[in-house]
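Participant: Take this structure first; my questions come after.
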Amino acid sequence: MDDAFGKGCHLHLIDGSAFIFRAYHALPPLTRKSDGLPVGAVAGFCNMLWRYVQTDDGHTAPTHAAVIFDHSSKTFRNDIYPAYKAQRPEPPEDLRPQFPLTRDATRAFNIACIETQGYEADDIIAAMACAARDAGGTATIISSDKDLMQLIGDGVDMLDPIKNKLIGRDEVFEKFGVFPDRVVDVQALAGDPVDNVPGAPGIGIKTAALLIQEYGDLETLLDRAAEIKQPKRRQTLIDHAEQIRISKRLVTLDCDTPLEVTLESLAVQRPDAERLVAFLSEMEFRTLTNRVAEVLGAEAPAIQAAPASDAPAAPEQPAIDASAYETVTDMAALEHWIAAIRETGHVAIDTETTGLDEMRADLVGLSLAVAPGRACYIPVGHVAGGDDLFGQSARVEGQLDLEQVLAALKPVLEDPGVLKIGQNMKYDWKMLARHGIEMTPLADTMLMSYALNAGTHNHGMDELAERYLGHKCIPIKELIGTGKSQLNFAQVAIDKAAPYAAEDADVTLRLWQHFAPMLPAQKVSTTYHTLERPMIPVLAQMEMAGIRIDPDVLRRMSNVFAQKMAQLEDEIHGLAGQSFNIGSPKQLGEILFDKMGLSGGKQGKTGAFSTSADVLEDLAAEGHDLPARVLDWRQIAKLKSTYTDALPTYVHPETGRVHTSYSITGAQTGRLSSTEPNLQNIPIRTEEGRRIRQAFIAPEGYRLVSLDYSQIELRILAHVADIPALKQAFREGIDIHAMTASQMFGVPVEGMDPMIRRQAKAINFGVIYGISGFGLSRNLRIPRAEAQAFIDTYFERFPEIRAYMDKTVADAKQDGYVTTLFGRRINTPGINQSGPAAGGARRAAINAPIQGAAADIIRRAMIRMPDAIADLPARMLLQVHDELVFEVRDDAAAQLIDTARIIMEAAAEPSVRLSVPLVVDAGQGANWAEAH
DNA sequence: ACGCTCACG
DNA sequence: GACGTACGTGAGCGTA
C-alpha cells in the first residue's frame with residue numbers, strides 16, 4: 001500500500017466544476033469534427049489540467065492530488081433552505097454531455113476523480129483539506145471561488161489557477177474585510193444572490209465586515225443587535241436574525257463530509273502516456289495530443305476527421321479462454337480485484353441469478369472483468385443440486401457471504417470515478433438496487449450496439465460476441481438444461497458456473513472496447529450518451545415502482561366475460577349446426593367457407609382461410625350472423641385471456657403491484673417495448689375493453705395522472721417535411737384532420753361532415769406510415785382507384801410531403817440508414833432490395849424518422865423527469881409511447897401536472913427548436929380510466 | 001416453434 | 001404490368 005499521509009505531504013484539491021464552467025465560457029463552442037459531439041469545455045479542461053500538471057513554478061509541488069466535482073444539483077443544503085441555488089439555470093445542453101467526459105479526462109491524466117451524492121464539491125474539498133491538515137500535512141485548493149476562502153488558515157492555502165496567484169490570509173482580508181475564520185459571518189450577513197443565500201437585506205460585504213469587526217463574531221452581533229446605532233440597520237438585524245442564521249449554515253463548510261477515499265490513495269502518479277494520448281486523440285484535440293505525446297515521449301496516433309468505417313486495428317488480445325478465470329472464495333482475493341478495478345478505472349460486471357425476473361430472482365453470483373482475459377466469478381448463492389425432504393437445498397460450502405461481498409463492492413460500484421460496464425445493465429442495476437447499491441456511472445454494450453446497429457440485428461450478448469468477437473459463448477442450456485427439468489442457476493455446480501459467468505464479463509468488457517471507439521466514428525455518441533444510457537436508471541426505477549392493480553375488479557369482469565362467452569358459444573354452435581372450437585381459425589374457416597359456402601379467399605403459406613376481423617366484418621356486413629357473433633366472442637375472449645385473467649398473475653407477492661419490464665432496444669425506431677406483462681397495449685378503443693383500465697389504481701391518498709402528447713407524430717412530420725399549411729394549423733391550434741379535409745375537398749372546417757374528416761384522418765396517418773393506394777383503400781373500405789385519387793390530391797395540396805418521402809428514401813438508399821431530428825440512427829438494410837420486400841423497407845424508412853423522433857422526445861422528457869419532480873410526492877410509473885403515467889399524492893396532482901407538462905412540452909429543446917408547438921393533454925383520477 | 005389474431009401507439 | 005402492402009410492438013392460442 002501507499003505510505004501514510006502525514007507530515008511532509010502536500011495535497012492539491014482541484015475544483016473540477018469551476019474548471020469546467022470556466023473552460024466552457026472561455027472557449028467558443030467547439031465540436032468534435034467526426035461526429036459533432038460538443039467538446040469545447042473538455043478541451044479547455046484538458047488544457048488547464050495539462051498546464052497544471054506541467055507547471056512547476058516554485059509553489060510547493062503536490063505529493064497528492066485530486067479533482068473534485070459537484071455531483072448533482074440537489075444537496076443537503078436544499079433541506080435547510082429549499083431555495084438554495086434554486087434559480088440557478090440548468091447547465092447548457094451542449095455542456096451536459098461534457099460532464100462525464102471531463103471525468104474521463106481527469107482519469108486519463110491519472111488524477112483521482114472525486115464526487116459524492118448530496119454534497120457539493122466545496123464540502124468535499126473542505127473535508128479533505130481538514131483531513132490533510134489533521135494528518136499533519138498541508139493542502140492547496142486550486143480554485144478562485146470565494147466560498148472556499150473560509151478554509152484558508154494554517155496548513156491550507158488557495159491558488160487561483162488563472163492568475164496563478166496564491167490566496168492567503170491577507171488576500172482574504174482584502175476581499176472580505178475579515179480574516180478567513182470570520183468569512184462565513186460576513187457571507188451570512190451579506191448573502192449571495194448568485195446562490196440564493198438570503199443574508200440580511202440591505203447589508204453588503206462592506207457593512208457586514210464593519211459589523212463583524214466591531215462585535216467580533218456573528219452570534220455576538222445578533223445578541224447585541226439592539227445596541228446598533230443606525231435604526232434601520234438595527235431593525236434589519238433583529239427582524240432577519242433567523243434568516244441570517246440559516247444563511248450562515250448555507251455558506252459554512254465543515255469537515256464532516258464523509259470521504260469515500262483515503263488521502264493515501266491520492267498519491268500523485270505520472271500520467272500513463274499511452275492512455276492520456278489515446279484519450280486526447282479520441283477527443284480529436286490535435287494540438288494538445290501532439291504536445292502531450294511529445295513531452296511524455298509517446299507516439300501520437302493520427303487523428304482522422306472521418307475515420308474509415310472499417311474497424312480500427314484492434315490491439316492484440318488474449319483469446320477468450322473459459323478455463324483461465326478465477327473463482328473468488330475469500331475476501332483477500334476480492335480485495336485484490338477491487339484494487340484492480342480502482343487501478344483501471346472501469347469494470348465489466350455481470351450478475352447471475354435464479355431467474356429472469358429481476359424483481360423476484362435472487363443473486364447467485366457476480367462476475368467481474370477488468371481487462372480482456374482478466375475476469376473472475378464470485379459465487380455467493382449456489383446450492384446443492386438435490387432438495388432435501390422439505391424442499392430446501394443446502395448452500396454449497398466455500399462461498400463468500402453475499403452481504404459481505406456487496407458491502408465490499410459497494411464503494412467502487414457507486415464511485416463516480418469508476419465506470420461500470422454491463423450488457424443489458426438495467427437488469428444488473430435492478431438486481432443490485434434491491435440490495436441498496438445504485439451503480440453509477442454506467443456503460444452498456446447492448447445500448448452501444450443499439451445506437452450503432454438498430455435495424456441491422458439484435459443486441460443480445462451471444463449474438464454480439466459472435467458477430468464482433470468471433471466467439472461463441474457457452475450456451476446457458478449447457479448448464480441448466482431445457483424444458484421441464486431445467487435447473488435454476490443456483491443449482492449449477494460452481495466449477496461449471498464460473499467459466500460461463502466470468503466469460504460473460506470478459507466478453508462484455510471486450511465488446512465495450514470494441515464499441516467505444518465506434519460510437520464517435522459512426523456519429524452516434526450523442527445518441528448513446530443522451531438518449532440510451534440515461535434511460536437505464538430511469539426505467540429501472542419505474543419498473544421497480546410498479547403500478548397497483550385491483551384484482552377483484554378484474555376477477556368480476558372475468559366472470560362476466562365467461563358467462564357472455566358461454567352464451568355466444570351456444571349461439572354460434574347453433575348457427576353453425578355443429579359444435580366446434582371457435583378459437584381455432586382453422587376450424588372456423590372450414591365452417592365458414594366449406595360448410596356454409598361463404599365467399600372468402602385462401603391465405604398465406606399454410607393455405608388456410610383467413611378469418612381475420614377484416615374478413616369477418618365484411619361477412620357480417622353482408623348480413624351473416626355467425627361471423628358477427630364470432631367477432632363478439634373473439635373480442636371478449638381476448639379481453640379475458642390476455643387481460644382480466646393474466647394481469648392478476650403478475651402481481652408481485654411482496655409489493656402487491658405489477659412490475660412490467662421495458663426493453664430499450666426492443667423496437668428499431670427508438671420506441672420502448674414492454675413485456676411481462678405488456679402494459680403498453682391495455683385496451684382503450686372499445687368501451688368494454690376500456691373498463692380494464694379501471695383496475696389500474698392508485699393507493700389510498702394517491703391519484704394516477706396521465707399526460708400525453710397530442711398528435712406528436714403529425715407535428716414532427718409538419719416540422720421535418722416543412723409543410724407550411726400543417727405548421728400553421730398546429731400553431732393556430734385548429735383541428736388538424738378537419739383542416740386536411742378542408743384543403744383536400746374544398747369544404748369549410750365549420751360544420752364538417754364527420755365522414756369526410758374520418759377519411760382525412762386516415763390519410764394523415766397513412767402518410768406517416770408510407771401510404772399506398774391499396775392500404776388506404778382497405779383501411780377506408782373504398783375502391784382502390786378512389787383511395788389513389790385521395791392520395792394524389794393530398795400530394796398536390798401538400799407537395800412538401802412527397803419531397804420529404806423521396807428525400808428520405810434516397811438518403812436511406814445512399815447511406816443505408818435514416819436519422820431522426822436528434823441524430824438517432826436507424827439502419828435500413830433491404831432498402832436496395834428488389835421485389836415485394838422493397839416496398840416494406842421503403843415504408844419503414846419513411847416512418848422511422850418520424851416515429852423515432854417522437855420516441856426521442858419522450859425519452860428526453862423521461863430522463864429529465866426524476867429531477868424535475870424530485871420535490872413532489874410523485875413517481876413516474878409507465879410510458880406508453882406518447883403518454884406518461886404517474887402516481888401522486890392527492891394534494892400534489894395539480895402541481896405535478898404543471899411540472900410534468902412543462903418538461904414534456906419543452907423536451908425537444910434546446911437540441912431542436914421545433915417550428916410547431918408540442919401540446920400535452922393531462923388527466924387525473926383514482927384509476928387509469930379516469931386519468932386518461 | 002410458428003402462424004394467426006388482436007390489443008396498443 | 002405484377003408483385004404485395006399501411007408503421008412499430010407483445011401475448012395467447014391452436015397447430016404442427
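Labeling convention for the C-alpha cells: chains A, B, ... as they appear, residues from 1 per chain, ligands from 1 in order of appearance.
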Pro648 of chain A: which residues within 9 Å, counting only C-alpha atoms (C1' of nucleotides), same-chain residues fewer than 2 positions away excluded, as a ChimeraX atom specification?

Facilitator: /A:549-551,554-555,643-646,650-651,658

Participant: Please, which residues of chain A lie no more than 7 Å from chain C when the count uses only C-alpha atoms (C1' of nucleotides), and can they be set out as a list in words?

Facilitator: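 Residues passing the distance filter: Ser584, Ser641, Thr642, Ala667, Ser673, Thr675, Asn678, Gly766, Tyr769, Gly770, Ile771, Ser772, Gly775, Leu776, Gly835, Pro836, Gly840, Ala844 and Asn847 of chain A.
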
Participant: List as a PDB file with all heavy atoms, in the first residue's frame the protein and nucleic acid residues near Leu872 of chain A, meaning an atom at most 12 Å away when only C-alpha atoms (C1' of nucleotides) are counted, but skip any in the same chain fewer than 3 places from it.

Facilitator:
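This is the output file around.pdb:
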```pdb
ATOM      1  N   MET A 865     -37.297  13.965 -16.095  1.00  0.00           N
ATOM      2  CA  MET A 865     -38.426  13.970 -15.166  1.00  0.00           C
ATOM      3  C   MET A 865     -38.043  13.711 -13.699  1.00  0.00           C
ATOM      4  O   MET A 865     -38.513  14.434 -12.821  1.00  0.00           O
ATOM      5  CB  MET A 865     -39.478  12.963 -15.651  1.00  0.00           C
ATOM      6  CG  MET A 865     -40.858  13.201 -15.097  1.00  0.00           C
ATOM      7  SD  MET A 865     -41.548  14.805 -15.561  1.00  0.00           S
ATOM      8  CE  MET A 865     -42.062  14.490 -17.257  1.00  0.00           C
ATOM      9  N   PRO A 866     -37.213  12.722 -13.401  1.00  0.00           N
ATOM     10  CA  PRO A 866     -36.963  12.437 -11.986  1.00  0.00           C
ATOM     11  C   PRO A 866     -36.447  13.658 -11.218  1.00  0.00           C
ATOM     12  O   PRO A 866     -36.921  13.930 -10.115  1.00  0.00           O
ATOM     13  CB  PRO A 866     -35.907  11.324 -12.037  1.00  0.00           C
ATOM     14  CG  PRO A 866     -36.143  10.648 -13.327  1.00  0.00           C
ATOM     15  CD  PRO A 866     -36.558  11.736 -14.285  1.00  0.00           C
ATOM     16  N   ASP A 867     -35.536  14.410 -11.799  1.00  0.00           N
ATOM     17  CA  ASP A 867     -35.047  15.608 -11.128  1.00  0.00           C
ATOM     18  C   ASP A 867     -36.146  16.646 -11.012  1.00  0.00           C
ATOM     19  O   ASP A 867     -36.283  17.317  -9.997  1.00  0.00           O
ATOM     20  CB  ASP A 867     -33.865  16.208 -11.899  1.00  0.00           C
ATOM     21  CG  ASP A 867     -32.550  15.604 -11.444  1.00  0.00           C
ATOM     22  OD1 ASP A 867     -32.578  14.844 -10.453  1.00  0.00           O
ATOM     23  OD2 ASP A 867     -31.519  15.887 -12.074  1.00  0.00           O
ATOM     24  N   ALA A 868     -36.933  16.763 -12.077  1.00  0.00           N
ATOM     25  CA  ALA A 868     -37.958  17.812 -12.107  1.00  0.00           C
ATOM     26  C   ALA A 868     -39.020  17.594 -11.037  1.00  0.00           C
ATOM     27  O   ALA A 868     -39.558  18.550 -10.481  1.00  0.00           O
ATOM     28  CB  ALA A 868     -38.598  17.885 -13.496  1.00  0.00           C
ATOM     29  N   ILE A 869     -39.333  16.334 -10.759  1.00  0.00           N
ATOM     30  CA  ILE A 869     -40.401  16.062  -9.794  1.00  0.00           C
ATOM     31  C   ILE A 869     -39.855  15.572  -8.454  1.00  0.00           C
ATOM     32  O   ILE A 869     -40.612  15.093  -7.607  1.00  0.00           O
ATOM     33  CB  ILE A 869     -41.417  15.040 -10.348  1.00  0.00           C
ATOM     34  CG1 ILE A 869     -40.769  13.666 -10.545  1.00  0.00           C
ATOM     35  CG2 ILE A 869     -42.041  15.537 -11.640  1.00  0.00           C
ATOM     36  CD1 ILE A 869     -41.782  12.572 -10.843  1.00  0.00           C
ATOM     37  N   ARG A 875     -44.326   9.706  -8.408  1.00  0.00           N
ATOM     38  CA  ARG A 875     -43.420   8.795  -9.103  1.00  0.00           C
ATOM     39  C   ARG A 875     -43.913   8.582 -10.526  1.00  0.00           C
ATOM     40  O   ARG A 875     -45.114   8.495 -10.765  1.00  0.00           O
ATOM     41  CB  ARG A 875     -43.394   7.428  -8.419  1.00  0.00           C
ATOM     42  CG  ARG A 875     -42.793   7.427  -7.051  1.00  0.00           C
ATOM     43  CD  ARG A 875     -42.536   6.027  -6.569  1.00  0.00           C
ATOM     44  NE  ARG A 875     -43.777   5.343  -6.192  1.00  0.00           N
ATOM     45  CZ  ARG A 875     -43.794   4.133  -5.661  1.00  0.00           C
ATOM     46  NH1 ARG A 875     -42.666   3.481  -5.484  1.00  0.00           N
ATOM     47  NH2 ARG A 875     -44.942   3.562  -5.318  1.00  0.00           N
ATOM     48  N   MET A 876     -42.979   8.449 -11.430  1.00  0.00           N
ATOM     49  CA  MET A 876     -43.328   8.105 -12.805  1.00  0.00           C
ATOM     50  C   MET A 876     -43.443   6.583 -12.864  1.00  0.00           C
ATOM     51  O   MET A 876     -42.547   5.875 -12.411  1.00  0.00           O
ATOM     52  CB  MET A 876     -42.228   8.629 -13.731  1.00  0.00           C
ATOM     53  CG  MET A 876     -42.453   8.403 -15.198  1.00  0.00           C
ATOM     54  SD  MET A 876     -41.473   9.534 -16.230  1.00  0.00           S
ATOM     55  CE  MET A 876     -39.803   9.097 -15.763  1.00  0.00           C
ATOM     56  N   PHE A 886     -48.243   8.737 -14.001  1.00  0.00           N
ATOM     57  CA  PHE A 886     -47.625   8.988 -12.692  1.00  0.00           C
ATOM     58  C   PHE A 886     -48.583   8.593 -11.569  1.00  0.00           C
ATOM     59  O   PHE A 886     -49.793   8.566 -11.754  1.00  0.00           O
ATOM     60  CB  PHE A 886     -47.328  10.481 -12.515  1.00  0.00           C
ATOM     61  CG  PHE A 886     -46.367  11.057 -13.508  1.00  0.00           C
ATOM     62  CD1 PHE A 886     -46.792  11.434 -14.771  1.00  0.00           C
ATOM     63  CD2 PHE A 886     -45.034  11.242 -13.173  1.00  0.00           C
ATOM     64  CE1 PHE A 886     -45.909  11.976 -15.686  1.00  0.00           C
ATOM     65  CE2 PHE A 886     -44.139  11.788 -14.076  1.00  0.00           C
ATOM     66  CZ  PHE A 886     -44.577  12.153 -15.340  1.00  0.00           C
ATOM     67  N   GLU A 887     -47.982   8.395 -10.409  1.00  0.00           N
ATOM     68  CA  GLU A 887     -48.744   8.226  -9.179  1.00  0.00           C
ATOM     69  C   GLU A 887     -48.358   9.400  -8.306  1.00  0.00           C
ATOM     70  O   GLU A 887     -47.174   9.683  -8.130  1.00  0.00           O
ATOM     71  CB  GLU A 887     -48.315   6.901  -8.538  1.00  0.00           C
ATOM     72  CG  GLU A 887     -49.052   6.487  -7.308  1.00  0.00           C
ATOM     73  CD  GLU A 887     -48.533   5.110  -6.850  1.00  0.00           C
ATOM     74  OE1 GLU A 887     -47.525   5.059  -6.119  1.00  0.00           O
ATOM     75  OE2 GLU A 887     -49.127   4.097  -7.250  1.00  0.00           O
ATOM     76  N   VAL A 888     -49.341  10.097  -7.746  1.00  0.00           N
ATOM     77  CA  VAL A 888     -49.028  11.315  -6.999  1.00  0.00           C
ATOM     78  C   VAL A 888     -49.989  11.466  -5.829  1.00  0.00           C
ATOM     79  O   VAL A 888     -51.156  11.083  -5.923  1.00  0.00           O
ATOM     80  CB  VAL A 888     -49.100  12.555  -7.923  1.00  0.00           C
ATOM     81  CG1 VAL A 888     -50.469  12.678  -8.566  1.00  0.00           C
ATOM     82  CG2 VAL A 888     -48.756  13.827  -7.170  1.00  0.00           C
ATOM     83  N   ARG A 889     -49.477  11.997  -4.727  1.00  0.00           N
ATOM     84  CA  ARG A 889     -50.344  12.213  -3.584  1.00  0.00           C
ATOM     85  C   ARG A 889     -51.437  13.213  -3.967  1.00  0.00           C
ATOM     86  O   ARG A 889     -51.164  14.205  -4.654  1.00  0.00           O
ATOM     87  CB  ARG A 889     -49.517  12.743  -2.397  1.00  0.00           C
ATOM     88  CG  ARG A 889     -50.075  12.370  -1.039  1.00  0.00           C
ATOM     89  CD  ARG A 889     -49.116  12.762   0.043  1.00  0.00           C
ATOM     90  NE  ARG A 889     -48.914  14.213   0.030  1.00  0.00           N
ATOM     91  CZ  ARG A 889     -47.835  14.815   0.514  1.00  0.00           C
ATOM     92  NH1 ARG A 889     -46.860  14.117   1.034  1.00  0.00           N
ATOM     93  NH2 ARG A 889     -47.724  16.132   0.465  1.00  0.00           N
ATOM     94  N   ASP A 890     -52.646  12.949  -3.500  1.00  0.00           N
ATOM     95  CA  ASP A 890     -53.827  13.762  -3.828  1.00  0.00           C
ATOM     96  C   ASP A 890     -53.550  15.246  -3.989  1.00  0.00           C
ATOM     97  O   ASP A 890     -53.875  15.860  -4.989  1.00  0.00           O
ATOM     98  CB  ASP A 890     -54.859  13.636  -2.693  1.00  0.00           C
ATOM     99  CG  ASP A 890     -55.578  12.311  -2.752  1.00  0.00           C
ATOM    100  OD1 ASP A 890     -55.659  11.760  -3.859  1.00  0.00           O
ATOM    101  OD2 ASP A 890     -56.038  11.844  -1.695  1.00  0.00           O
ATOM    102  N   ASP A 891     -52.928  15.800  -2.930  1.00  0.00           N
ATOM    103  CA  ASP A 891     -52.814  17.256  -2.862  1.00  0.00           C
ATOM    104  C   ASP A 891     -51.805  17.818  -3.843  1.00  0.00           C
ATOM    105  O   ASP A 891     -51.746  19.028  -4.035  1.00  0.00           O
ATOM    106  CB  ASP A 891     -52.426  17.658  -1.432  1.00  0.00           C
ATOM    107  CG  ASP A 891     -51.145  16.960  -0.996  1.00  0.00           C
ATOM    108  OD1 ASP A 891     -51.106  15.716  -1.048  1.00  0.00           O
ATOM    109  OD2 ASP A 891     -50.184  17.660  -0.644  1.00  0.00           O
ATOM    110  N   ALA A 892     -51.004  16.962  -4.463  1.00  0.00           N
ATOM    111  CA  ALA A 892     -49.953  17.490  -5.339  1.00  0.00           C
ATOM    112  C   ALA A 892     -50.224  17.213  -6.816  1.00  0.00           C
ATOM    113  O   ALA A 892     -49.387  17.482  -7.665  1.00  0.00           O
ATOM    114  CB  ALA A 892     -48.601  16.913  -4.945  1.00  0.00           C
ATOM    115  N   ALA A 893     -51.415  16.688  -7.126  1.00  0.00           N
ATOM    116  CA  ALA A 893     -51.694  16.292  -8.510  1.00  0.00           C
ATOM    117  C   ALA A 893     -51.596  17.475  -9.472  1.00  0.00           C
ATOM    118  O   ALA A 893     -50.972  17.380 -10.528  1.00  0.00           O
ATOM    119  CB  ALA A 893     -53.074  15.640  -8.598  1.00  0.00           C
ATOM    120  N   ALA A 894     -52.190  18.581  -9.070  1.00  0.00           N
ATOM    121  CA  ALA A 894     -52.193  19.738  -9.970  1.00  0.00           C
ATOM    122  C   ALA A 894     -50.772  20.233 -10.219  1.00  0.00           C
ATOM    123  O   ALA A 894     -50.390  20.563 -11.342  1.00  0.00           O
ATOM    124  CB  ALA A 894     -53.055  20.853  -9.382  1.00  0.00           C
ATOM    125  N   GLN A 895     -50.007  20.227  -9.141  1.00  0.00           N
ATOM    126  CA  GLN A 895     -48.626  20.700  -9.260  1.00  0.00           C
ATOM    127  C   GLN A 895     -47.808  19.760 -10.153  1.00  0.00           C
ATOM    128  O   GLN A 895     -46.998  20.206 -10.966  1.00  0.00           O
ATOM    129  CB  GLN A 895     -48.028  20.737  -7.858  1.00  0.00           C
ATOM    130  CG  GLN A 895     -46.994  21.809  -7.674  1.00  0.00           C
ATOM    131  CD  GLN A 895     -46.373  21.701  -6.286  1.00  0.00           C
ATOM    132  OE1 GLN A 895     -46.994  21.163  -5.356  1.00  0.00           O
ATOM    133  NE2 GLN A 895     -45.159  22.198  -6.160  1.00  0.00           N
ATOM    134  N   LEU A 896     -48.037  18.471  -9.994  1.00  0.00           N
ATOM    135  CA  LEU A 896     -47.325  17.510 -10.830  1.00  0.00           C
ATOM    136  C   LEU A 896     -47.658  17.734 -12.301  1.00  0.00           C
ATOM    137  O   LEU A 896     -46.780  17.721 -13.165  1.00  0.00           O
ATOM    138  CB  LEU A 896     -47.679  16.075 -10.436  1.00  0.00           C
ATOM    139  CG  LEU A 896     -47.106  15.033 -11.407  1.00  0.00           C
ATOM    140  CD1 LEU A 896     -45.599  14.934 -11.276  1.00  0.00           C
ATOM    141  CD2 LEU A 896     -47.737  13.672 -11.202  1.00  0.00           C
ATOM    142  N   ILE A 897     -48.938  17.927 -12.573  1.00  0.00           N
ATOM    143  CA  ILE A 897     -49.339  18.139 -13.965  1.00  0.00           C
ATOM    144  C   ILE A 897     -48.629  19.361 -14.534  1.00  0.00           C
ATOM    145  O   ILE A 897     -48.087  19.330 -15.643  1.00  0.00           O
ATOM    146  CB  ILE A 897     -50.875  18.267 -14.074  1.00  0.00           C
ATOM    147  CG1 ILE A 897     -51.514  16.901 -13.817  1.00  0.00           C
ATOM    148  CG2 ILE A 897     -51.287  18.811 -15.441  1.00  0.00           C
ATOM    149  CD1 ILE A 897     -53.029  16.915 -13.768  1.00  0.00           C
ATOM    150  N   ASP A 898     -48.588  20.426 -13.755  1.00  0.00           N
ATOM    151  CA  ASP A 898     -47.905  21.644 -14.228  1.00  0.00           C
ATOM    152  C   ASP A 898     -46.453  21.347 -14.565  1.00  0.00           C
ATOM    153  O   ASP A 898     -45.957  21.686 -15.636  1.00  0.00           O
ATOM    154  CB  ASP A 898     -47.931  22.733 -13.141  1.00  0.00           C
ATOM    155  CG  ASP A 898     -49.321  23.340 -13.006  1.00  0.00           C
ATOM    156  OD1 ASP A 898     -50.163  23.056 -13.888  1.00  0.00           O
ATOM    157  OD2 ASP A 898     -49.555  24.074 -12.030  1.00  0.00           O
ATOM    158  N   THR A 899     -45.780  20.715 -13.625  1.00  0.00           N
ATOM    159  CA  THR A 899     -44.349  20.478 -13.793  1.00  0.00           C
ATOM    160  C   THR A 899     -44.073  19.516 -14.941  1.00  0.00           C
ATOM    161  O   THR A 899     -43.236  19.784 -15.809  1.00  0.00           O
ATOM    162  CB  THR A 899     -43.763  19.884 -12.486  1.00  0.00           C
ATOM    163  OG1 THR A 899     -44.063  20.776 -11.418  1.00  0.00           O
ATOM    164  CG2 THR A 899     -42.262  19.706 -12.596  1.00  0.00           C
ATOM    165  N   ALA A 900     -44.774  18.385 -14.936  1.00  0.00           N
ATOM    166  CA  ALA A 900     -44.507  17.374 -15.957  1.00  0.00           C
ATOM    167  C   ALA A 900     -44.859  17.901 -17.347  1.00  0.00           C
ATOM    168  O   ALA A 900     -44.177  17.598 -18.327  1.00  0.00           O
ATOM    169  CB  ALA A 900     -45.295  16.100 -15.656  1.00  0.00           C
TER     170      ALA A 900
END
```

Participant: I need the residues of segment 246-418 of chain A that end up classed as alpha helix (DSSP H) by DSSP on the backbone, written out as a PyMOL selection string.

Facilitator: chain A and resi 246-251+273-282+286-296+331-344+402-413

Participant: Tell me which of A:Arg634, A:Val405, A:Arg693, A:Asp921 sits closest to chain B, counting only C-alpha atoms (C1' of nucleotides).

Facilitator: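 Looking at the shortest contact to chain B, the residue is A:Arg634.
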
Participant: Please indicate the distance in Å from atom CA of Trp512 of chain A to atom CA of Ala369 of chain A, rounded to one decimal place.

Facilitator: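 Between these atoms lies a distance of 11.4 Å.
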
Participant: Considering only C-alpha atoms (C1' of nucleotides), extract the chain B residues located within 6 Å of chain A and return them as a ChimeraX atom specification.

Facilitator: /B:7-9

Participant: Could you name the residues that touch segment 146-163 of chain A at 7 Å or less, counting only C-alpha atoms (C1' of nucleotides), but leaving out those on the same chain fewer than 5 positions away, as a list in words?

Facilitator: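 With the cut-off at 7 Å, the set is Asp122, Ala126, Ala129, Arg133, Thr138, Ala139, Thr140, Ile141, Gly168, Arg169, Val172, Pro180, Asp181, Val183 and Val184 of chain A.
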
Participant: May I have the selected residues written with N, CA, C and O atoms, as an mmCIF file, in the first residue's frame?

Facilitator:
```
data_model
loop_
_atom_site.group_PDB
_atom_site.id
_atom_site.type_symbol
_atom_site.label_atom_id
_atom_site.label_comp_id
_atom_site.auth_asym_id
_atom_site.auth_seq_id
_atom_site.Cartn_x
_atom_site.Cartn_y
_atom_site.Cartn_z
ATOM 1 N N ASP A 122 -17.450 21.813 -2.894
ATOM 2 C CA ASP A 122 -16.881 22.610 -1.798
ATOM 3 C C ASP A 122 -16.839 21.823 -0.489
ATOM 4 O O ASP A 122 -15.890 21.942 0.287
ATOM 5 N N ALA A 126 -13.505 20.863 1.546
ATOM 6 C CA ALA A 126 -13.326 21.265 2.942
ATOM 7 C C ALA A 126 -12.907 20.062 3.788
ATOM 8 O O ALA A 126 -11.942 20.128 4.560
ATOM 9 N N ALA A 129 -9.356 18.986 2.961
ATOM 10 C CA ALA A 129 -8.362 19.932 3.465
ATOM 11 C C ALA A 129 -8.187 19.729 4.966
ATOM 12 O O ALA A 129 -7.063 19.692 5.474
ATOM 13 N N ARG A 133 -4.752 18.469 6.903
ATOM 14 C CA ARG A 133 -4.149 19.251 7.976
ATOM 15 C C ARG A 133 -4.078 18.423 9.255
ATOM 16 O O ARG A 133 -3.072 18.398 9.940
ATOM 17 N N THR A 138 -0.207 19.378 4.496
ATOM 18 C CA THR A 138 -0.743 20.663 4.059
ATOM 19 C C THR A 138 -1.585 20.472 2.808
ATOM 20 O O THR A 138 -1.485 19.437 2.147
ATOM 21 N N ALA A 139 -2.414 21.481 2.513
ATOM 22 C CA ALA A 139 -3.266 21.392 1.332
ATOM 23 C C ALA A 139 -3.321 22.721 0.608
ATOM 24 O O ALA A 139 -3.274 23.781 1.229
ATOM 25 N N THR A 140 -3.414 22.625 -0.720
ATOM 26 C CA THR A 140 -3.659 23.816 -1.523
ATOM 27 C C THR A 140 -4.913 23.579 -2.342
ATOM 28 O O THR A 140 -5.045 22.532 -2.997
ATOM 29 N N ILE A 141 -5.831 24.554 -2.264
ATOM 30 C CA ILE A 141 -7.060 24.437 -3.035
ATOM 31 C C ILE A 141 -6.864 25.199 -4.335
ATOM 32 O O ILE A 141 -6.533 26.395 -4.314
ATOM 33 N N GLY A 168 -3.888 34.002 0.333
ATOM 34 C CA GLY A 168 -3.643 33.705 1.747
ATOM 35 C C GLY A 168 -4.513 34.580 2.631
ATOM 36 O O GLY A 168 -5.483 35.179 2.171
ATOM 37 N N ARG A 169 -4.170 34.643 3.883
ATOM 38 C CA ARG A 169 -4.971 35.407 4.841
ATOM 39 C C ARG A 169 -5.138 36.866 4.411
ATOM 40 O O ARG A 169 -6.225 37.430 4.495
ATOM 41 N N VAL A 172 -7.530 37.359 1.602
ATOM 42 C CA VAL A 172 -8.909 37.186 2.057
ATOM 43 C C VAL A 172 -9.383 38.452 2.780
ATOM 44 O O VAL A 172 -10.499 38.930 2.556
ATOM 45 N N PRO A 180 -9.973 34.754 7.363
ATOM 46 C CA PRO A 180 -10.742 33.585 6.908
ATOM 47 C C PRO A 180 -11.709 33.031 7.954
ATOM 48 O O PRO A 180 -12.817 32.622 7.614
ATOM 49 N N ASP A 181 -11.324 33.057 9.243
ATOM 50 C CA ASP A 181 -12.187 32.423 10.241
ATOM 51 C C ASP A 181 -13.504 33.165 10.418
ATOM 52 O O ASP A 181 -14.433 32.635 11.022
ATOM 53 N N VAL A 183 -15.026 34.742 7.703
ATOM 54 C CA VAL A 183 -15.601 34.933 6.365
ATOM 55 C C VAL A 183 -17.057 34.477 6.326
ATOM 56 O O VAL A 183 -17.924 35.130 5.758
ATOM 57 N N VAL A 184 -17.348 33.343 6.977
ATOM 58 C CA VAL A 184 -18.737 32.857 6.922
ATOM 59 C C VAL A 184 -19.695 33.835 7.596
ATOM 60 O O VAL A 184 -20.847 33.961 7.186
#
```
